Each structure stands twice: as C-alpha cells, then as structure tokens.
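Asks: Here it is, the structure in full.
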Amino acid sequence: MNKKERFCDVDNIVEWRHIITTLLALVAMTGQAQVRSGLDLCLRDEVTGEWLIGLFDDYAIYDCEYWEYAEAGKGRYVLTKDGLRKEIRLKKNTVTIDDVKHRTSTLTSKYLPDYPSKDETGWPKGLPADEDSVTLRVCVNTNREKAEFVTFINRMFNDKHIQELTSIDTHGHFEVRMPVNGPSVLGIFNDDHHPLEHTFWRLLAVEGGDTLLLYIDDKNDCIYLMGGKYARFNNELLGSDFQPNFVRTNELTIDSTIVQQRHYMAVCQERMDSLYAARPNLSHRFQTYYQDDIQYQFAYPMLLKCCWPAAGESQSELLQKTEVELNPLQWMHSELPLMCRHGFGFIIGYYVSALTDVRQTPLPSTVHSDFIMQLQQDGKVQLNDDELQKVKGFQALLANYHGNDVDINDAFRSDIIPILSKPLIEQYWDWELSEKNVPLTVSVLDSLDMDDTTREILKTQTFMKDIDGKSHVASPRVLDLAHQEVHHPLLLQAIDNANQRIKDFLEESQKKQMAIAPKDGTPASLRVPDEELKGITDGQQLFERITAPFRGYVIYVDVWGTWCGPCRGQMEHVPALKKTLEGKPVVYLYFCNNSPEDSWRNFIIQNHLDNDNAVHYNLPREQESAIERYLEVSGFPTYRLVDTKGQLMPGAAPWPSNISGVVAAVEQLLTH
C-alpha cells in the first residue's frame with residue numbers, strides 16, 4: 001500500500017469515527033427526548049399553600065417553566081431545561097427538589113384549596129418609572145386538538161384594550177407577552193370558535209416583570225395558577241364562587257333603579273359575609289378587590305342613566321339622586337391601583353361625562369358660520385367667492401329663523417359641512433372644540449374626591465382620547481395644559497408620543513393617500529368607482545350595484561363614522577378578526593357616515609384598514625342615507641352580512657369585538 005493509499009485509509013477512518021459519534025449522539029438525544037415519567041401529579045406545598053410542581057408523563061412544570069425528563073424511575077426524576085438540571089425525589093406527602101424538602105399534598109380539587117394562613121399584604125401605590133411587560137404561559141390538558149384563547153389587558157395611557165388571539169400547540173401550550181404599566185388586570189377566555197369542555201373566562205392580576213403559568217385541566221375541570229407577584233390573590237380569584245353581576249335596569253326609572261340596587265347591594269354583602277365566614281383566611285387583597293367590584297356593580301346602572309337620560313328626565317336631577325347613593329360609599333376611593341379596579345374606568349367615565357354635560361355651555365347655532373368668518377378675517381384661511389357667499393347666506397338664514405329647522409339643517413349639510421371639512425378649517429375647528437371641552441373635563445376631575453395618582457392617570461386618558469380622536473395634531477393650548485396637569489414622566493411621554501405619531505402619520509399619509517393601486521383580482525381592485533354610482537338614489541339598487549362584484553364572497557358590512565366613538569372602538573378589534581378569518585373569502589365593506597373626506601382617508605390609513613379585502617365608500621349624503629335606510633341603520637356602528645350569492649341576511653351581524661360570533665356567522669354562510 002503506497003503512502004497516498006495509507007492517507008486515504010486514515011481519512012476514511014476519521015470520517016467513519018465522526019459518523020459513528022454523530023449517530024451515537026443522535027441516539028442519546030432521541031433516548032433523552034423519549035424519557036417519560038408515567039406520572040400525572042400536581043403537588044401543593046402545604047406550608048406556603050402554593051402549587052409547587054407539576055409532574056406529567058412527558059414534561060414537568062416547575063418555577064413557571066416547562067422541563068423535560070433526563071431520567072425517570074423509582075421515585076427519582078431528573079429534570080432538564082436549557083442545560084439546567086433539577087433532581088426530584090418523591091416520597092409519601094413529601095417532595096425533595098435539589099435537596100430541599102417540601103411537605104406536599106396532591107391537588108385533586110377543582111381549584112387550589114384555601115391557604116393555611118391569613119395574608120394582610122396590601123396593594124402597591126404609585127406609578128412605575130418605566131413601562132414593562134408580563135409573560136403568561138398556559139398549559140391546557142384537553143382532549144381537543146384545537147383550542148383558541150383571547151388574552152387582553154387595558155392600557156393605562158388611553159384605557160384601550162390590547163388583545164391577543166392564540167392557539168394551543170400539539171402539547172397544549174401557548175404563551176403571550178403583554179405590556180403593562182404597574183399593577184393591572186389581565187383577562188383570558190377560551191374563544192367559542194374552538195371551545196373547551198368547560199367554559200373558561202378569568203381575570204388575573206399582574207405586574208411588570210411577572211411570569212405566570214396557568215394550568216387548565218379541561219379533562220377534570222381544574223384550574224391552578226403558578227408563580228407571579230399575585231399568585232395567591234389570583235388563585236383565590238380562580239377559586240372564588242362569588243361572581244357579582246349588576247342588575248340590568250334599562251326599563252326602570254332612576255327611583256326604581258335605586259331601590260333595586262339597594263336590594264342588590266344588601267344581597268351581595270350578605271353573600272360576602274358568608275364567604276368570609278366559611279373561608280376566614282382569604283387574603284386582604286381578595287377582600288378589597290371584591291368589595292370594590294360590588295361598588296362598581298352597584299353604581300353602574302345609575303351612572304349609565306345619568307350619562308344618557310331618557311326623554312323628559314333632568315340630567316342634573318339624575319346626578320343628584322345618584323350622588324346621594326354613592327357618596328357615602330366613598331366609591332372613588334380604593335386601595336386598589338386604578339388598572340386593577342375592574343370596571344371602574346367605565347363608571348368614572350360615565351360620571352365625568354354626565355358632570356361635563358351639566359356644566360357645559362351649549363354652542364350657539366351661529367357658532368359654525370361665525371367661526372369660519374373669524375378665520376377668514378384673521379387671515380388663517382382663505383375662502384373663495386362661492387364659499388364666502390354660502391357662509392354669508394347661512395348667516396342670513398339664521399338671522400331670519402322662524403322655526404323651520406328643515407331649511408337650517410339642509411343648508412348646514414349642503415353649504416357649511418363641506419367648508420368645515422376642508423383640512424385647515426377642520427383642524428382649527430377641532431382645536432376650538434378641544435380648547436373648550438378638554439379644560440372643562442380636567443376641571444371636573446379636579447373637583448372629584450380621589451387620590452392624586454388616579455386623577456393623573458384619568459387626566460392622561462383625557463388628553464390621549466382628545467389626540468387619538470382627531471385626524472390632526474393636538475392644539476398647542478391643549479398640549480400646554482397637558483404639561484401643566486400631568487407630571488409623571490411616563491404619562492407625559494405617552495401624551496407627547498401620541499401627538500408625534502399623528503405628526504408622523506400625517507406626513508406619511510400625504511405621500512400615500514391611498515395612491516398605491518390594489519392588486520389585480522383582489523376585492524379592493526373590484527371596487528365600483530364612485531363615478532359609476534352617480535344618479536343612483538334607491539338604497540337597494542345602490543347596495544346591490546356596489547356588492548355585485550363580490551359574488552362568492554361573504555360580505556361583512558360596517559356602517560360607521562369618523563365622529564363615532566363606539567365605531568372607532570370596534571375598529572381596534574378588526575385586525576384580530578381579520579387574522580382569524582385569514583384565507584377565507586370574506587370582503588369587509590365600509591360605509592362612512594357624514595364624515596370629512598380627509599378625516600375618512602386618514603382614518604383608513606391610520607388604522608390599517610386599507611387592505612386588499614377591504615372596500616371603502618364615503619358616499620354623498622343622499623346616497624349614504626339611502627344605503628342606511630335599506631340596511632335599516634338605527635345607530636352607529638351597524639353591522640350586516642351578505643351571503644356568497646349577494647343576499648342581504650336578516651338582522652344585525654355580531655360586532656368585531658365578538659370575534660367568535662362573527663367567525664361562526666361567516667362560516668355558516670360559507671358552508672350553505
């Protein structure tokens with residue numbers, strides 16, 4: 001054998017050694033991955049009362065993490081994760097974890113049993129210096145191949161939901177990461193589209209930096225929560241059988257509502273007293289949380305009536321009677337941080353809104369035309385001759401007003417609204433309204449007896465809503481007021497960032513302005529141009545002409561307005577809805593009501609509604625009214641469905657916030 005051949009043999013030997021070594025490593029890794037324990041245990045630490053460890057057949061749960069088995073057998077188990085190892089030894093009523101012994105019991109009840117001792121820990125006060133996040137890991141033991149969950153949390157800055165829709169993987173696991181600003185309440189529920197055997201809907205308290213692991217045993221209807229700064233409170237919350245629900249009093253007078261709510265409060269207090277007697281170790285946090293929740297449920301129907309009084313009712317009188325009931329409860333005072341006060345944001349919003357309405361001076365009927373003329377005189381805008389003539393004509397009509405509202409309203413819609421809708425005039429008008437309403441709301445908040453932190457957060461939300469509700473940057477005066485009233489750096493930065501986002505968006509939208517043509521063959525490319533609709537004034541004929549190109553699609557119709565708060569609120573749920581229905585033949589058809597052209601276009605871009613399966617119309621007033629009559633619109637927003645053959649379905653469709661309801665309705669139409 002020559003030298004070259006010997007080298008080739010050596011190379012072959014080395015190569016084979018590498019192959020054999022690799023195969024052995026793969027065999028070892030495969031063997032390790034296949035180690036099973038044969039266990040199905042959730043163990044509770046009897047000293048602390050917490051869930052300590054979960055040992056299941058093919059994985060374990062410890063310290064809010066998932067672990068694999070490196071070794072298993074004869075009461076000894078070695079867990080591994082990311083190079084770490086934990087040695088677990090099991091004996092009757094004890095478990096030893098890395099030489100630390102714990103006295104344990106097996107969890108077999110529906111929820112974690114009562115804690116062994118009382119906990120008087122209070123709720124934290126103040127605001128964090130920085131924004132943080134919370135991680136929620138969920139483990140679902142279920143026979144279902146699919147299960148979807150919706151997780152949501154309210155933002156401190158603007159009181160809007162952040163929502164995530166997630167599905168379990170093949171192991172029944174999923175994980176979500178949500179932003180938080182101090183202690184907050186996070187909600188999670190099983191979506192109806194892929195239901196579990198047992199209905200699941202829960203609230204959990206969280207704080208920045210938290211990691212929680214929620215174990216949902218759908219097979220045995222058990223729920224336990226592991227880890228987090230509020231583990232005890234959350235487990236008590238999960239295991240509580242006391243769920244107060246307010247009594248609906250839509251048809252009652254304020255006096256009847258008060259009588260009914262007094263009875264409700266007495267019943268709730270009796271139930272709470274019984275609960276405390278049966279479970280004396282319930283924590284201080286649990287007791288304060290549910291006492292606060294009872295007050296919210298008590299106040300809600302009365303404040304709802306104050307905000308929207310019925311015909312013939314005096315808003316001032318409604319407020320006086322409601323305050324007599326609520327003030328002795330000191331309902332605005334609570335140990336709970338604002339973002340943990342479930343429902344409080346709604347009722348304080350109703351109360352402030354009602355107080356603002358009572359204290360507000362109505363705008364005179366001449367204000368719009370006078371305002372436009374003042375802008376012209378100050379040189380801030382330049383009206384052309386036709387516009388100037390229309391404004392003066394409207395002023396003359398008002399001066400000779402003899403009780404004919406029809407003429408005034410028609411002239412306002414035809415002559416004044418188009419002028420108010422011009423971008424620069426619209427901006428000045430928005431500023432005028434903000435400079436009237438925002439300081440009034442701030443003064444109302446200053447008059448209320450609440451803690452400084454809650455007041456500052458509510459003021460921040462007031463400024464944020466004013467900015468988010470406009471298609472223009474904030475008024476300089478309103479921004480100056482924000483810097484006078486809000487002092488916490490995190491809150492003030494949120495206001496400035498919101499205004500900067502509007503600036504950046506307006507610069508970008510000027511370049512874009514829907515100039516990018518939709519892809520050929522997509523629903524957006526099939527939109528019937530406005531020019532082809534001219535002259536059609538019959539609502540049914542107009543609607544059928546607009547929807548004709550979309551045979552084979554289910555059409556989800558949304559009638560909305562840029563001025564409509566609930567409409568804009570529902571738009572926040574549209575991305576999650578579209579993600580759920582992604583890939584299905586669905587068209588989202590939007591009819592905008594009485595909204596300025598620029599605001600309409602800006603809103604579409606700003607809220608990412610310019611998708612290939614979205615079709616938008618901002619029709620002339622006569623055509624929009626005809627469409628609304630045909631669709632039987634009685635309020636905004638209104639949602640309807642059209643089947644794949646172009647047939648308008650009877651009745652209203654579910655709102656976007658009811659994702660599972662929309663999905664079910666759409667899929668039913670696709671399969672029939």
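The chains in the structure tokens are called A, B, ... from first to last as shown; in each chain the residues are counted from 1, and the ligands are counted from 1 in the order shown.
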As JSON, numbers by chain, which residues of stretch 451-500 of chain A does DSSP assign to helix (DSSP H, G or I)?

Replies: {"A": [452, 453, 454, 455, 456, 457, 458, 459, 460, 461, 462, 463, 464, 465, 466, 467, 468, 476, 477, 478, 479, 480, 481, 482, 483, 484, 485, 489, 490, 491, 492, 493, 494, 495, 496, 497, 498, 499, 500]}

Asks: Restricted to C-alpha atoms, what would the selected residues look like written as a tab-separated table (two decimals), in the first residue's frame?

Replies:
```tsv
chain	number	residue	atom	x	y	z
A	452	ASP	CA	-53.67	62.02	43.10
A	453	THR	CA	-52.39	59.00	41.15
A	454	THR	CA	-55.85	58.04	39.88
A	455	ARG	CA	-56.60	61.64	38.97
A	456	GLU	CA	-53.35	62.00	37.00
A	457	ILE	CA	-54.00	58.79	35.06
A	458	LEU	CA	-57.55	59.90	34.23
A	459	LYS	CA	-56.25	63.27	33.06
A	460	THR	CA	-53.74	61.49	30.85
A	461	GLN	CA	-56.53	59.41	29.35
A	462	THR	CA	-58.49	62.61	28.71
A	463	PHE	CA	-55.62	64.14	26.72
A	464	MET	CA	-54.92	60.86	24.92
A	465	LYS	CA	-58.55	60.46	23.84
A	466	ASP	CA	-58.55	64.00	22.51
A	467	ILE	CA	-55.43	63.31	20.44
A	468	ASP	CA	-56.47	59.85	19.26
A	476	PRO	CA	-50.89	73.91	21.20
A	477	ARG	CA	-53.03	75.20	24.08
A	478	VAL	CA	-54.22	71.69	24.95
A	479	LEU	CA	-50.62	70.40	24.85
A	480	ASP	CA	-49.54	73.22	27.16
A	481	LEU	CA	-52.36	72.28	29.52
A	482	ALA	CA	-51.22	68.65	29.46
A	483	HIS	CA	-47.73	69.68	30.54
A	484	GLN	CA	-49.23	71.72	33.38
A	485	GLU	CA	-51.58	69.00	34.64
A	489	PRO	CA	-42.64	61.28	33.12
A	490	LEU	CA	-44.16	58.02	31.83
A	491	LEU	CA	-47.62	59.57	31.41
A	492	LEU	CA	-46.36	62.82	29.94
A	493	GLN	CA	-44.18	60.93	27.48
A	494	ALA	CA	-47.21	58.91	26.36
A	495	ILE	CA	-49.09	62.12	25.52
A	496	ASP	CA	-46.15	63.59	23.58
A	497	ASN	CA	-45.59	60.28	21.76
A	498	ALA	CA	-49.26	60.12	20.74
A	499	ASN	CA	-49.08	63.61	19.26
A	500	GLN	CA	-45.82	62.79	17.48
```

Asks: One number please: atom CA of A:Ser283 to atom CA of A:Ala205, in Å, one decimal.

Replies: 13.8 Å

Asks: Ranking A:Glu622, A:Asp132, A:Asp415, A:Glu597 by minimum distance to A:Arg177 and counting only C-alpha atoms, which one comes first?

Replies: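 Smallest distance to A:Arg177 is found for A:Asp132.
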
Asks: Give me, as a list in words, all polymer residues having an atom no more than 12 Å from A:Arg341, counting only C-alpha atoms and skipping those fewer than 6 positions away in the same chain.

Replies: Trp123, Asn154, Met156, Pro183, Ser184, Val185, Leu186, Leu203, Leu204, Ala205, Arg285, Thr288, Tyr289, Tyr290, Gln291, Asp292, Asp293, Ile294, Gln295, Tyr296, Gln297, Trp331, Met332, His333, Ser334, Glu335, Ile347, Ile348 and Thr454 of chain A

Asks: Write the residues of the selection above to a file with N, CA, C and O atoms, as an mmCIF file, in the first residue's frame.

Replies:
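Dumped to out-v1.cif:
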```cif
data_model
loop_
_atom_site.group_PDB
_atom_site.id
_atom_site.type_symbol
_atom_site.label_atom_id
_atom_site.label_comp_id
_atom_site.auth_asym_id
_atom_site.auth_seq_id
_atom_site.Cartn_x
_atom_site.Cartn_y
_atom_site.Cartn_z
ATOM 1 N N TRP A 123 -52.146 46.459 48.538
ATOM 2 C CA TRP A 123 -51.847 46.708 47.128
ATOM 3 C C TRP A 123 -50.774 47.788 47.018
ATOM 4 O O TRP A 123 -50.735 48.700 47.837
ATOM 5 N N ASN A 154 -55.935 46.228 29.593
ATOM 6 C CA ASN A 154 -56.196 47.640 29.337
ATOM 7 C C ASN A 154 -54.913 48.447 29.467
ATOM 8 O O ASN A 154 -54.113 48.215 30.369
ATOM 9 N N MET A 156 -52.906 51.762 30.443
ATOM 10 C CA MET A 156 -53.084 52.839 31.405
ATOM 11 C C MET A 156 -53.257 54.180 30.703
ATOM 12 O O MET A 156 -54.047 55.025 31.126
ATOM 13 N N PRO A 183 -49.311 47.576 38.394
ATOM 14 C CA PRO A 183 -50.307 46.518 38.621
ATOM 15 C C PRO A 183 -51.519 46.706 37.706
ATOM 16 O O PRO A 183 -52.055 47.802 37.594
ATOM 17 N N SER A 184 -51.930 45.629 37.055
ATOM 18 C CA SER A 184 -53.042 45.677 36.102
ATOM 19 C C SER A 184 -53.825 44.381 36.182
ATOM 20 O O SER A 184 -53.373 43.400 36.770
ATOM 21 N N VAL A 185 -54.986 44.380 35.564
ATOM 22 C CA VAL A 185 -55.799 43.170 35.454
ATOM 23 C C VAL A 185 -55.732 42.675 34.018
ATOM 24 O O VAL A 185 -55.983 43.431 33.074
ATOM 25 N N LEU A 186 -55.361 41.421 33.864
ATOM 26 C CA LEU A 186 -55.280 40.770 32.564
ATOM 27 C C LEU A 186 -56.432 39.776 32.463
ATOM 28 O O LEU A 186 -56.709 39.033 33.406
ATOM 29 N N LEU A 203 -60.084 36.627 35.148
ATOM 30 C CA LEU A 203 -59.247 37.805 35.294
ATOM 31 C C LEU A 203 -58.094 37.468 36.230
ATOM 32 O O LEU A 203 -58.277 36.749 37.216
ATOM 33 N N LEU A 204 -56.899 38.008 35.921
ATOM 34 C CA LEU A 204 -55.716 37.759 36.731
ATOM 35 C C LEU A 204 -55.000 39.084 36.974
ATOM 36 O O LEU A 204 -54.877 39.909 36.066
ATOM 37 N N ALA A 205 -54.523 39.298 38.190
ATOM 38 C CA ALA A 205 -53.723 40.487 38.483
ATOM 39 C C ALA A 205 -52.272 40.218 38.086
ATOM 40 O O ALA A 205 -51.742 39.136 38.336
ATOM 41 N N ARG A 285 -56.053 41.347 49.948
ATOM 42 C CA ARG A 285 -56.202 41.790 48.562
ATOM 43 C C ARG A 285 -57.510 41.283 47.959
ATOM 44 O O ARG A 285 -58.201 42.013 47.244
ATOM 45 N N THR A 288 -60.523 43.315 49.450
ATOM 46 C CA THR A 288 -60.645 44.678 48.931
ATOM 47 C C THR A 288 -61.066 44.670 47.458
ATOM 48 O O THR A 288 -61.827 45.538 47.018
ATOM 49 N N TYR A 289 -60.597 43.697 46.711
ATOM 50 C CA TYR A 289 -60.943 43.615 45.293
ATOM 51 C C TYR A 289 -62.443 43.394 45.115
ATOM 52 O O TYR A 289 -63.098 44.088 44.331
ATOM 53 N N TYR A 290 -63.007 42.444 45.857
ATOM 54 C CA TYR A 290 -64.414 42.145 45.666
ATOM 55 C C TYR A 290 -65.318 43.199 46.291
ATOM 56 O O TYR A 290 -66.425 43.454 45.789
ATOM 57 N N GLN A 291 -64.870 43.855 47.338
ATOM 58 C CA GLN A 291 -65.653 44.964 47.882
ATOM 59 C C GLN A 291 -65.728 46.087 46.857
ATOM 60 O O GLN A 291 -66.781 46.709 46.655
ATOM 61 N N ASP A 292 -64.627 46.340 46.176
ATOM 62 C CA ASP A 292 -64.588 47.349 45.129
ATOM 63 C C ASP A 292 -65.496 46.943 43.965
ATOM 64 O O ASP A 292 -66.212 47.774 43.393
ATOM 65 N N ASP A 293 -65.483 45.657 43.616
ATOM 66 C CA ASP A 293 -66.287 45.173 42.498
ATOM 67 C C ASP A 293 -67.781 45.319 42.788
ATOM 68 O O ASP A 293 -68.573 45.674 41.909
ATOM 69 N N ILE A 294 -68.180 45.070 44.043
ATOM 70 C CA ILE A 294 -69.590 45.231 44.416
ATOM 71 C C ILE A 294 -70.019 46.689 44.229
ATOM 72 O O ILE A 294 -71.105 46.978 43.720
ATOM 73 N N GLN A 295 -69.163 47.622 44.635
ATOM 74 C CA GLN A 295 -69.496 49.034 44.487
ATOM 75 C C GLN A 295 -69.625 49.422 43.016
ATOM 76 O O GLN A 295 -70.496 50.217 42.641
ATOM 77 N N TYR A 296 -68.749 48.862 42.190
ATOM 78 C CA TYR A 296 -68.841 49.128 40.741
ATOM 79 C C TYR A 296 -70.180 48.635 40.195
ATOM 80 O O TYR A 296 -70.886 49.354 39.481
ATOM 81 N N GLN A 297 -70.554 47.397 40.555
ATOM 82 C CA GLN A 297 -71.806 46.836 40.063
ATOM 83 C C GLN A 297 -73.006 47.634 40.589
ATOM 84 O O GLN A 297 -74.024 47.760 39.902
ATOM 85 N N TRP A 331 -66.986 55.744 46.861
ATOM 86 C CA TRP A 331 -66.728 54.803 45.785
ATOM 87 C C TRP A 331 -65.535 55.194 44.914
ATOM 88 O O TRP A 331 -64.970 54.346 44.218
ATOM 89 N N MET A 332 -65.136 56.467 44.945
ATOM 90 C CA MET A 332 -63.976 56.863 44.156
ATOM 91 C C MET A 332 -62.665 56.586 44.879
ATOM 92 O O MET A 332 -61.595 56.676 44.294
ATOM 93 N N HIS A 333 -62.758 56.234 46.173
ATOM 94 C CA HIS A 333 -61.561 55.897 46.939
ATOM 95 C C HIS A 333 -61.407 54.387 46.974
ATOM 96 O O HIS A 333 -62.360 53.665 47.220
ATOM 97 N N SER A 334 -60.213 53.916 46.736
ATOM 98 C CA SER A 334 -59.955 52.481 46.814
ATOM 99 C C SER A 334 -58.473 52.256 47.022
ATOM 100 O O SER A 334 -57.634 53.021 46.539
ATOM 101 N N GLU A 335 -58.166 51.195 47.752
ATOM 102 C CA GLU A 335 -56.769 50.805 47.928
ATOM 103 C C GLU A 335 -56.204 50.218 46.640
ATOM 104 O O GLU A 335 -54.997 50.210 46.419
ATOM 105 N N ILE A 347 -67.322 53.387 34.760
ATOM 106 C CA ILE A 347 -68.275 54.167 35.549
ATOM 107 C C ILE A 347 -67.750 55.566 35.845
ATOM 108 O O ILE A 347 -68.522 56.523 35.863
ATOM 109 N N ILE A 348 -66.439 55.717 36.056
ATOM 110 C CA ILE A 348 -65.927 57.066 36.283
ATOM 111 C C ILE A 348 -66.026 57.874 34.996
ATOM 112 O O ILE A 348 -66.265 59.086 35.017
ATOM 113 N N THR A 454 -54.685 58.337 40.735
ATOM 114 C CA THR A 454 -55.849 58.041 39.884
ATOM 115 C C THR A 454 -56.226 59.257 39.056
ATOM 116 O O THR A 454 -56.500 59.156 37.852
#
```

Asks: Give me, as a PyMOL selection string, all polymer residues having an atom no more than 8 Å from A:Cys564, counting only C-alpha atoms and skipping those fewer than 3 positions away in the same chain.

Replies: chain A and resi 560-561+567-568+636-637

Asks: Export N, CA, C and O atoms of the chosen residues as a compact mmCIF listing (two decimals), in the first residue's frame?

Replies:
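Okay, again.txt is ready:
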```
# COMPACT_ATOMS: atom_id res chain seq x y z
N TRP A 560 -70.36 53.17 9.70
CA TRP A 560 -69.65 53.83 10.79
C TRP A 560 -69.47 55.31 10.46
O TRP A 560 -69.91 55.80 9.43
N GLY A 561 -68.79 56.04 11.36
CA GLY A 561 -68.45 57.43 11.11
C GLY A 561 -67.17 57.79 11.85
O GLY A 561 -66.89 57.24 12.92
N CYS A 567 -67.79 53.34 17.12
CA CYS A 567 -67.31 52.83 15.82
C CYS A 567 -65.79 52.68 15.85
O CYS A 567 -65.24 51.64 15.45
N ARG A 568 -65.11 53.73 16.30
CA ARG A 568 -63.65 53.69 16.35
C ARG A 568 -63.17 52.62 17.33
O ARG A 568 -62.17 51.95 17.10
N PHE A 636 -75.13 53.81 15.31
CA PHE A 636 -73.78 53.60 14.80
C PHE A 636 -72.89 53.03 15.90
O PHE A 636 -72.96 53.50 17.04
N PRO A 637 -72.09 52.01 15.58
CA PRO A 637 -71.98 51.35 14.27
C PRO A 637 -73.11 50.35 14.05
O PRO A 637 -73.78 49.94 15.00
```

Asks: At a cut-off of 9 Å, using only C-alpha atoms, what residues contact stretch 432-436 of chain A? Leave out same-chain residues fewer than 3 positions from it and give the result as a PyMOL selection string.

Replies: chain A and resi 427-429+439-440+466+474-475+477-478

Asks: Atom CA of A:Asn593 and atom CA of A:Val666, how far apart in Å?

Replies: 24.7 Å

Asks: Find the spatial neighbours of A:Gly54, counting only C-alpha atoms, within a cut-off of 10 Å - ignore same-chain residues fewer than 2 positions away - and output them as a PyMOL selection string.

Replies: chain A and resi 39-44+51-52+56+59-63+66-67+106-107+215+226

Asks: Residues near A:Val180, anyone? I mean within 12 Å using only C-alpha atoms, not counting same-chain ones fewer than 4 positions away, as a CSV table (one decimal) with C-alpha atoms, in the first residue's frame.

Replies:
```csv
chain,number,residue,atom,x,y,z
A,127,LEU,CA,-46.8,54.5,39.4
A,128,PRO,CA,-43.7,52.7,38.0
A,129,ALA,CA,-40.9,54.6,36.5
A,130,ASP,CA,-40.9,52.6,33.2
A,131,GLU,CA,-43.2,50.5,31.1
A,132,ASP,CA,-42.7,46.8,31.4
A,133,SER,CA,-44.2,43.5,30.3
A,134,VAL,CA,-45.8,40.4,31.7
A,135,THR,CA,-45.4,36.8,30.4
A,152,PHE,CA,-56.5,41.2,26.8
A,153,ILE,CA,-55.2,44.0,29.0
A,154,ASN,CA,-56.2,47.6,29.3
A,155,ARG,CA,-53.6,50.3,28.6
A,156,MET,CA,-53.1,52.8,31.4
A,157,PHE,CA,-52.5,55.7,29.0
A,159,ASP,CA,-57.8,52.8,28.6
A,161,HIS,CA,-57.6,47.1,25.1
A,162,ILE,CA,-54.6,45.3,23.8
A,184,SER,CA,-53.0,45.7,36.1
A,185,VAL,CA,-55.8,43.2,35.5
A,186,LEU,CA,-55.3,40.8,32.6
A,205,ALA,CA,-53.7,40.5,38.5
A,206,VAL,CA,-50.3,41.1,37.0
A,207,GLU,CA,-47.3,43.4,37.4
A,208,GLY,CA,-44.3,44.3,35.3
A,209,GLY,CA,-41.7,41.6,35.1
A,210,ASP,CA,-44.2,38.9,36.1
A,339,MET,CA,-55.8,49.4,36.4
A,340,CYS,CA,-56.8,46.7,38.9
```

Asks: Taking the DSSP secondary structure from the backbone, can you list the residues of stretch 40-156 of chain A that are strand (DSSP E or B), as an MDAnalysis selection string?

Replies: chainID A and resid 41:45 51:55 60:62 65:73 76:81 84:91 94:97 100:106 132:141 148:154

Asks: Keeping C-alpha atoms for every residue in the selection just given, could you write it to a file as a short mmCIF file (atom, residue, chain, number, x, y, z; two decimals), in the first residue's frame?

Replies:
```cif
data_model
loop_
_atom_site.label_atom_id
_atom_site.label_comp_id
_atom_site.auth_asym_id
_atom_site.auth_seq_id
_atom_site.Cartn_x
_atom_site.Cartn_y
_atom_site.Cartn_z
CA LEU A 41 -49.39 14.86 39.55
CA CYS A 42 -49.97 18.44 40.64
CA LEU A 43 -48.33 18.91 44.04
CA ARG A 44 -49.08 21.67 46.53
CA ASP A 45 -46.67 22.98 49.17
CA TRP A 51 -48.81 24.99 43.71
CA LEU A 52 -45.23 23.68 43.89
CA ILE A 53 -44.65 21.39 40.92
CA GLY A 54 -46.48 19.52 38.19
CA LEU A 55 -45.11 16.13 37.10
CA ALA A 60 -42.86 18.75 34.12
CA ILE A 61 -43.80 22.27 35.30
CA TYR A 62 -41.64 24.00 37.89
CA GLU A 65 -41.10 26.78 33.22
CA TYR A 66 -41.55 23.60 31.19
CA TRP A 67 -38.94 20.88 31.87
CA GLU A 68 -38.10 17.59 30.14
CA TYR A 69 -37.11 14.34 31.85
CA ALA A 70 -33.48 13.29 31.62
CA GLU A 71 -34.05 10.33 33.98
CA ALA A 72 -37.18 8.77 35.48
CA GLY A 73 -37.88 5.88 37.82
CA ARG A 76 -36.29 9.75 41.46
CA TYR A 77 -36.58 12.06 38.46
CA VAL A 78 -34.06 14.39 36.85
CA LEU A 79 -35.48 17.39 35.02
CA THR A 80 -33.56 19.30 32.38
CA LYS A 81 -34.04 22.61 30.60
CA LEU A 84 -30.01 23.15 33.82
CA ARG A 85 -30.87 20.07 35.91
CA LYS A 86 -33.22 19.53 38.83
CA GLU A 87 -33.25 16.35 40.88
CA ILE A 88 -36.71 15.42 42.17
CA ARG A 89 -37.31 12.73 44.81
CA LEU A 90 -40.83 11.66 45.68
CA LYS A 91 -41.97 10.13 48.95
CA THR A 94 -43.05 14.99 50.58
CA VAL A 95 -41.03 16.02 47.56
CA THR A 96 -37.34 16.93 47.61
CA ILE A 97 -36.11 19.36 44.95
CA VAL A 100 -34.73 20.98 49.67
CA LYS A 101 -37.61 19.05 51.24
CA HIS A 102 -41.22 20.22 50.93
CA ARG A 103 -44.28 18.84 52.68
CA THR A 104 -46.84 18.37 49.91
CA SER A 105 -50.29 17.11 49.03
CA THR A 106 -51.76 16.06 45.70
CA ASP A 132 -42.66 46.76 31.44
CA SER A 133 -44.24 43.52 30.27
CA VAL A 134 -45.77 40.37 31.71
CA THR A 135 -45.42 36.80 30.38
CA LEU A 136 -48.32 34.37 30.70
CA ARG A 137 -47.69 30.72 29.93
CA VAL A 138 -50.74 28.48 29.66
CA CYS A 139 -50.81 24.70 29.78
CA VAL A 140 -54.10 23.07 28.73
CA ASN A 141 -54.76 19.40 29.46
CA GLU A 148 -58.09 29.18 20.98
CA PHE A 149 -57.76 31.78 23.71
CA VAL A 150 -58.18 35.55 23.78
CA THR A 151 -55.93 37.45 26.20
CA PHE A 152 -56.50 41.17 26.80
CA ILE A 153 -55.24 43.97 29.01
CA ASN A 154 -56.20 47.64 29.34
#
```

Asks: Identify which of the residues A:Met450, A:Ile605, A:Glu531, A:Asp218 lies closest to A:Gln330, counting only C-alpha atoms when measuring atom-to-atom distances.

Replies: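 Among A:Met450, A:Ile605, A:Glu531, A:Asp218, it is A:Met450 that comes nearest to A:Gln330.
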